[in-house]
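> I'd like to ask some things about the structure below.
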There are 2 protein chains.
Amino acid sequence: MGKKVSIRQVAEHAGVSVATVSLALSGKGRISSDTVRQVKKSAATLGFIPNRSASRLRSGRSLLIGLVVNDIANPFFAELSADVEAHASENGYLSVIANTNDDIEKQASVIETMIGQGVAGFIIVPADTSTPDTFQVIRDHDMPYVLCVRDIGDGKADFIGFDNFTAGVMAAEHLVEKGHRTFAFVGGRLSVDNFRRRLDGVRHALARHGLTLPDNCVREGVPSRAIGLAETGDLLASGAEFTALICYNDFVAVGAYAALNQAGRTIGEDVAVVGFDNVPESESLSPPLTTIELYPRAIGNRSARALIDAVNGSSGPHERVYLAPELISRSST
Amino acid sequence: MGKKVSIRQVAEHAGVSVATVSLALSGKGRISSDTVRQVKKSAATLGFIPNRSASRLRSGRSLLIGLVVNDIANPFFAELSADVEAHASENGYLSVIANTNDDIEKQASVIETMIGQGVAGFIIVPADTSTPDTFQVIRDHDMPYVLCVRDIGDGKADFIGFDNFTAGVMAAEHLVEKGHRTFAFVGGRLSVDNFRRRLDGVRHALARHGLTLPDNCVREGVPSRAIGLAETGDLLASGAEFTALICYNDFVAVGAYAALNQAGRTIGEDVAVVGFDNVPESESLSPPLTTIELYPRAIGNRSARALIDAVNGSSGPHERVYLAPELISRSST
DNA sequence: CTGAAAGCGCTTACAG
DNA sequence: CTGAAAGCGCTTACAG
């Protein structure tokens with residue numbers, strides 16, 4: 001009951017000074033256990049909620065972490081965010097979330113806003129065209145930050161991602177095993193490190209078997225259902241030969257399914273399709289899509305752990321963590 | 001470049017007082033345009049980022065909004081959250097997000113944490129078993145809050161949701177139109193208002209056609225794929241007669257699909273299925289699922305608007321907004 | 001049009 | 001073991 005209560009009311013109620021209340025509630029200082037008990041009781045009866053703006057201002061310590069992602073409505077980032085939030089919350093941190101929509105200006109603006117709001121550090125999925133310079137403002141403020149999912153080669157931060165090269169190898173090896181000899185790759189942009197490594201992995205694995213992925217069978221594009229549809233359709237129209245199609249992610253694969261169906265190809269028989277991400281939808285497709293699970297939840301969890309460690313001052317060299325992907329084999333291959 | 005810069009450094013750089021800097025940057029007070037220009041220039045060159053902990057402490061005004069949802073990884077809430085964030089961000093607000101996992105204790109705890117962090121107000125999808133009393137602590141702090149999606153009959157807050165009754169009517173009318181005469185309903189709990197209203201809508205529409213939904217054809221359960229599978233299987237095993245199955249949401253429908261397939265029923269021919277939510281997955285199912293779109297993005301947007309209006313002190317009676325659902329007819333019916 | 005000063009609610013040396 | 005006092009970075013009457 002009652003309005004906003006400050007440490008002062010608690011002090012009066014408990015018959016001690018505000019300093020004692022602060023010390024008693026934080027567990028610092030050598031306050032007698034009797035006093036601590038009385039203070040806690042007063043705080044509880046009054047419904048005292050400490051004002052973190054004040055404590056942050058005074059102590060510089062913050063219980064807020066900033067999470068900056070491309071688009072939280074994308075299932076991959078939604079899961080990643082959910083695990084960041086869960087781990088942060090377990091450690092008493094609250095998560096501030098903002099979307100960049102892959103716009104580097106928006107990213108700069110939300111980072112600045114978050115610094116102003118006093119976050120203790122950042123977990124960032126770098127927007128397109130980000131470079132280490134992009135995060136100079138964070139370093140200027142001596143704040144820790146963890147980059148994830150997209151590697152921009154920033155040596156001043158931890159990086160948590162997945163092993164794209166191995167993911168590419170897995171997709172290709174699986175298809176070769178299934179007897180395929182001609183391949184195509186749709187979706188993703190050359191400017192993105194994840195794309196290049198994934199493609200390298202595919203080519204590396206094919207080369208081991210004396211096979212190739214011809215340049216005219218690689219179609220770039222911002223990964224989306226629409227690009228999957230358009231580029232796969234274009235590829236088919238071009239007369240390119242392939243019995244196995246690797247899609248940059250599951251959304252692209254959904255588009256590719258539509259294009260292949262339109263062209264009268266039977267997925268899982270005439271042509272095999274592999275995606276990446278293992279979004280929930282991939283299991284419900286017809287036929288269910290073979291895909292590479294990249295573990296967004298684990299990335300979220302590891303990132304939160306790395307950041308909170310850094311906030312707590314555990315120094316040491318920055319770490320680069322690449323989580324191993326896993327092939328989920330279904331009937332599309 | 002350089003470390004944290006405060007209003008004091010800006011004042012020194014510009015050769016004015018801190019009061020003038022504050023007034024100039026906020027646009028309040030009658031500061032000469034020359035001074036304003038000079039102050040802004042100094043602020044920019046020094047890379048000044050105002051400390052919001054300090055301004056909030058002093059002025060009581062906050063640019064933080066608290067968003068409390070069940071589970072941000074659920075696509076429905078992910079989309080809702082994305083739109084809250086977008087609208088908040090457009091208005092200069094940052095979003096603090098926390099999951100409750102539908103646990104009312106967790107909900108109480110995150111609300112308290114958020115109050116401590118100084119949010120200006122709340123957008124909340126009430127966790128299961130919430131009552132208006134649950135939010136007393138928010139009212140005690142004179143903070144505005146908007147409830148959404150789940151109606152708990154709290155007259156002290158705005159409510160933004162969808163019209164469940166009409167959604168139920170739509171589902172039933174559509175099935176009757178398609179020639180169905182026997183019905184079943186799977187998933188959802190009687191304790192949830194959305195469930196009761198949706199079911200009422202179904203029954204109301206059926207009654208208009210002299211049809212009924214027998215009690216033994218209604219199977220409750222926490223909405224999930226697993227419940228859809230188990231309860232639909234059970235329903236089939238019980239020998240209940242139905243040619244049309246209404247699922248509480250699309251997740252339940254995915255489970256129902258599996259149970260119906262196992263039982264050798266052909267969806268879209270022997271039996272029709274309708275879901276609610278129009279999750280991306282519903283379009284990719286085989287056959288594509290007829291479902292009711294409930295517009296989570298619009299709910300997010302409206303909620304953010306309502307909250308920001310309330311924060312800005314636009315008083316007036318609390319509003320209850322029910323967005324009209326829309327039937328998305330696909331081949332499962 | 002501008003500045004000096006008080007104060008928001010905490011935390012933290014410092015003194016006792 | 002406890003309290004008085006300073007100060008974090010702002011905003012805002014108040015005075016001039």
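Letters A, B, ... mark the chains of the structure tokens in the order given; residue numbers begin at 1 per chain; ligand numbers begin at 1, in order shown.
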Up to 9 Å from chain D, what residues of chain B turn up? Count only C-alpha atoms (C1' of nucleotides) and give them as a PyMOL selection string.

chain B and resi 6-8+19+22-23+50-59

> Compute the set of chain B residues within 8 Å of chain A, using only C-alpha atoms, and express it as an MDAnalysis selection string.

chainID B and resid 1:4 49:54 56:57 71:75 78:79 81:82 85:86 89 94:99 112:118 137 140:142 254 280:281 284:286

> Taking the backbone alone, and naming residues the way the document does, which bits of segment 73-227 of chain A are alpha helix (DSSP H) by DSSP, as an MDAnalysis selection string?

chainID A and resid 75:90 104:117 136:140 164:177 193:208 225:227

> Write out as an MDAnalysis selection string each polymer residue whose atoms come within 8 Å of segment 148-162 of chain B, counting only C-alpha atoms (C1' of nucleotides); drop sequence neighbours fewer than 2 positions from it.

chainID B and resid 123:126 130:132 144:146 164 192:194 294 299 302:303 306 318:325

> How would the residues just picked look written out with C-alpha atoms as a PDB file, in the first residue's frame?


```
ATOM      1  CA  ILE B 123       2.684  -3.183 -21.533  1.00  0.00           C
ATOM      2  CA  ILE B 124       1.734  -6.541 -20.109  1.00  0.00           C
ATOM      3  CA  VAL B 125       0.327  -9.792 -21.402  1.00  0.00           C
ATOM      4  CA  PRO B 126      -0.964 -10.984 -18.032  1.00  0.00           C
ATOM      5  CA  SER B 130      -3.439 -12.716 -12.941  1.00  0.00           C
ATOM      6  CA  THR B 131      -6.157 -10.532 -11.453  1.00  0.00           C
ATOM      7  CA  PRO B 132      -6.442  -6.753 -11.210  1.00  0.00           C
ATOM      8  CA  PRO B 144       0.291   3.782 -16.434  1.00  0.00           C
ATOM      9  CA  TYR B 145      -0.027   0.271 -17.808  1.00  0.00           C
ATOM     10  CA  VAL B 146      -1.708  -1.350 -20.742  1.00  0.00           C
ATOM     11  CA  ASN B 164     -12.368 -13.869 -29.534  1.00  0.00           C
ATOM     12  CA  VAL B 192      -8.545 -18.480 -19.812  1.00  0.00           C
ATOM     13  CA  ASP B 193     -10.946 -15.820 -20.955  1.00  0.00           C
ATOM     14  CA  ASN B 194      -9.781 -16.062 -24.572  1.00  0.00           C
ATOM     15  CA  LEU B 294      -5.416 -12.179 -34.902  1.00  0.00           C
ATOM     16  CA  ILE B 299      -1.904  -5.284 -30.921  1.00  0.00           C
ATOM     17  CA  ARG B 302      -1.837  -0.112 -30.484  1.00  0.00           C
ATOM     18  CA  SER B 303      -0.582  -1.023 -27.037  1.00  0.00           C
ATOM     19  CA  ALA B 306      -1.886   3.707 -25.781  1.00  0.00           C
ATOM     20  CA  HIS B 318      -9.484   3.811 -20.175  1.00  0.00           C
ATOM     21  CA  GLU B 319     -10.117   2.218 -23.526  1.00  0.00           C
ATOM     22  CA  ARG B 320     -10.886  -1.369 -24.402  1.00  0.00           C
ATOM     23  CA  VAL B 321      -9.938  -2.161 -27.960  1.00  0.00           C
ATOM     24  CA  TYR B 322     -10.890  -5.400 -29.684  1.00  0.00           C
ATOM     25  CA  LEU B 323      -9.300  -5.805 -33.071  1.00  0.00           C
ATOM     26  CA  ALA B 324     -11.343  -7.648 -35.660  1.00  0.00           C
ATOM     27  CA  PRO B 325      -9.938 -11.046 -36.620  1.00  0.00           C
TER      28      PRO B 325
END
```

> Report the distance between atom CA of Gly210 of chain B and atom CA of Cys247 of chain B in Å, rounded to one decimal place.

21.6 Å

> Neighbours of segment 181-191 of chain A within 8 Å (only C-alpha atoms (C1' of nucleotides); same-chain residues fewer than 4 positions away dropped), as JSON, numbers by chain?

{"A": [129, 176, 195, 196, 211, 212, 213, 214, 217, 218, 219, 220, 221, 222, 223, 224, 227, 228, 231, 232, 241, 242, 243, 244, 245, 246, 247, 248, 249, 252]}

> From a backbone DSSP assignment, name each residue in segment 35-205 of chain A labelled strand (DSSP E), as a ChimeraX atom specification.

/A:64-69,94-99,121-124,145-148,158-162,183-186

> Take the residues from that selection and write them out as an mmCIF file, in the first residue's frame, keeping N, CA and C atoms.


```
data_model
loop_
_atom_site.group_PDB
_atom_site.id
_atom_site.type_symbol
_atom_site.label_atom_id
_atom_site.label_comp_id
_atom_site.auth_asym_id
_atom_site.auth_seq_id
_atom_site.Cartn_x
_atom_site.Cartn_y
_atom_site.Cartn_z
ATOM 1 N N LEU A 64 21.462 -3.546 -16.098
ATOM 2 C CA LEU A 64 20.745 -3.515 -17.372
ATOM 3 C C LEU A 64 21.691 -4.015 -18.454
ATOM 4 N N ILE A 65 21.227 -4.918 -19.305
ATOM 5 C CA ILE A 65 22.084 -5.243 -20.429
ATOM 6 C C ILE A 65 21.367 -4.940 -21.732
ATOM 7 N N GLY A 66 22.133 -4.468 -22.692
ATOM 8 C CA GLY A 66 21.569 -4.054 -23.975
ATOM 9 C C GLY A 66 21.703 -5.158 -25.000
ATOM 10 N N LEU A 67 20.587 -5.505 -25.610
ATOM 11 C CA LEU A 67 20.602 -6.537 -26.649
ATOM 12 C C LEU A 67 20.177 -5.896 -27.959
ATOM 13 N N VAL A 68 21.062 -5.953 -28.944
ATOM 14 C CA VAL A 68 20.807 -5.284 -30.219
ATOM 15 C C VAL A 68 20.774 -6.339 -31.316
ATOM 16 N N VAL A 69 19.606 -6.527 -31.900
ATOM 17 C CA VAL A 69 19.493 -7.528 -32.963
ATOM 18 C C VAL A 69 18.887 -6.924 -34.212
ATOM 19 N N LEU A 94 18.233 -7.041 -16.201
ATOM 20 C CA LEU A 94 17.074 -6.811 -17.039
ATOM 21 C C LEU A 94 17.582 -6.540 -18.448
ATOM 22 N N SER A 95 16.838 -6.990 -19.450
ATOM 23 C CA SER A 95 17.296 -6.837 -20.831
ATOM 24 C C SER A 95 16.580 -5.697 -21.537
ATOM 25 N N VAL A 96 17.366 -4.842 -22.148
ATOM 26 C CA VAL A 96 16.833 -3.790 -22.992
ATOM 27 C C VAL A 96 17.047 -4.249 -24.427
ATOM 28 N N ILE A 97 15.979 -4.302 -25.199
ATOM 29 C CA ILE A 97 16.100 -4.861 -26.546
ATOM 30 C C ILE A 97 15.767 -3.834 -27.612
ATOM 31 N N ALA A 98 16.540 -3.823 -28.680
ATOM 32 C CA ALA A 98 16.204 -2.962 -29.811
ATOM 33 C C ALA A 98 16.532 -3.660 -31.120
ATOM 34 N N ASN A 99 15.706 -3.400 -32.104
ATOM 35 C CA ASN A 99 15.938 -3.905 -33.461
ATOM 36 C C ASN A 99 16.722 -2.892 -34.267
ATOM 37 N N GLY A 121 26.496 -3.251 -20.417
ATOM 38 C CA GLY A 121 27.239 -3.789 -21.549
ATOM 39 C C GLY A 121 26.273 -4.218 -22.636
ATOM 40 N N PHE A 122 26.847 -4.725 -23.713
ATOM 41 C CA PHE A 122 26.043 -5.031 -24.894
ATOM 42 C C PHE A 122 26.212 -6.452 -25.405
ATOM 43 N N ILE A 123 25.115 -6.994 -25.923
ATOM 44 C CA ILE A 123 25.181 -8.183 -26.768
ATOM 45 C C ILE A 123 24.625 -7.743 -28.113
ATOM 46 N N ILE A 124 25.437 -7.874 -29.145
ATOM 47 C CA ILE A 124 25.067 -7.302 -30.439
ATOM 48 C C ILE A 124 25.213 -8.316 -31.567
ATOM 49 N N TYR A 145 31.364 -5.593 -24.440
ATOM 50 C CA TYR A 145 30.335 -5.995 -25.406
ATOM 51 C C TYR A 145 30.716 -7.328 -26.027
ATOM 52 N N VAL A 146 29.686 -8.059 -26.380
ATOM 53 C CA VAL A 146 29.857 -9.373 -26.991
ATOM 54 C C VAL A 146 29.167 -9.330 -28.344
ATOM 55 N N LEU A 147 29.880 -9.730 -29.370
ATOM 56 C CA LEU A 147 29.251 -9.802 -30.688
ATOM 57 C C LEU A 147 28.819 -11.232 -30.927
ATOM 58 N N CYS A 148 27.712 -11.401 -31.610
ATOM 59 C CA CYS A 148 27.331 -12.782 -31.886
ATOM 60 C C CYS A 148 26.733 -12.967 -33.258
ATOM 61 N N ASP A 158 34.370 -10.316 -27.285
ATOM 62 C CA ASP A 158 34.110 -11.742 -27.416
ATOM 63 C C ASP A 158 33.245 -11.949 -28.653
ATOM 64 N N PHE A 159 33.374 -13.103 -29.229
ATOM 65 C CA PHE A 159 32.474 -13.453 -30.329
ATOM 66 C C PHE A 159 31.891 -14.837 -30.089
ATOM 67 N N ILE A 160 30.566 -14.941 -30.222
ATOM 68 C CA ILE A 160 29.909 -16.236 -30.094
ATOM 69 C C ILE A 160 29.112 -16.472 -31.365
ATOM 70 N N GLY A 161 29.440 -17.528 -32.077
ATOM 71 C CA GLY A 161 28.718 -17.813 -33.311
ATOM 72 C C GLY A 161 28.706 -19.296 -33.567
ATOM 73 N N PHE A 162 28.421 -19.649 -34.773
ATOM 74 C CA PHE A 162 28.458 -21.068 -35.100
ATOM 75 C C PHE A 162 29.461 -21.273 -36.208
ATOM 76 N N PHE A 183 25.111 -29.545 -58.117
ATOM 77 C CA PHE A 183 24.648 -28.743 -56.993
ATOM 78 C C PHE A 183 24.359 -27.301 -57.371
ATOM 79 N N ALA A 184 23.491 -26.683 -56.578
ATOM 80 C CA ALA A 184 23.265 -25.247 -56.716
ATOM 81 C C ALA A 184 23.128 -24.669 -55.312
ATOM 82 N N PHE A 185 23.366 -23.370 -55.209
ATOM 83 C CA PHE A 185 23.317 -22.691 -53.914
ATOM 84 C C PHE A 185 22.539 -21.397 -54.103
ATOM 85 N N VAL A 186 21.516 -21.186 -53.274
ATOM 86 C CA VAL A 186 20.659 -20.005 -53.442
ATOM 87 C C VAL A 186 20.553 -19.193 -52.157
#
```

> Atom CA of His87 of chain B and atom CA of Glu105 of chain A are how many Å apart?

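Distance between the two atoms: 17.3 Å.
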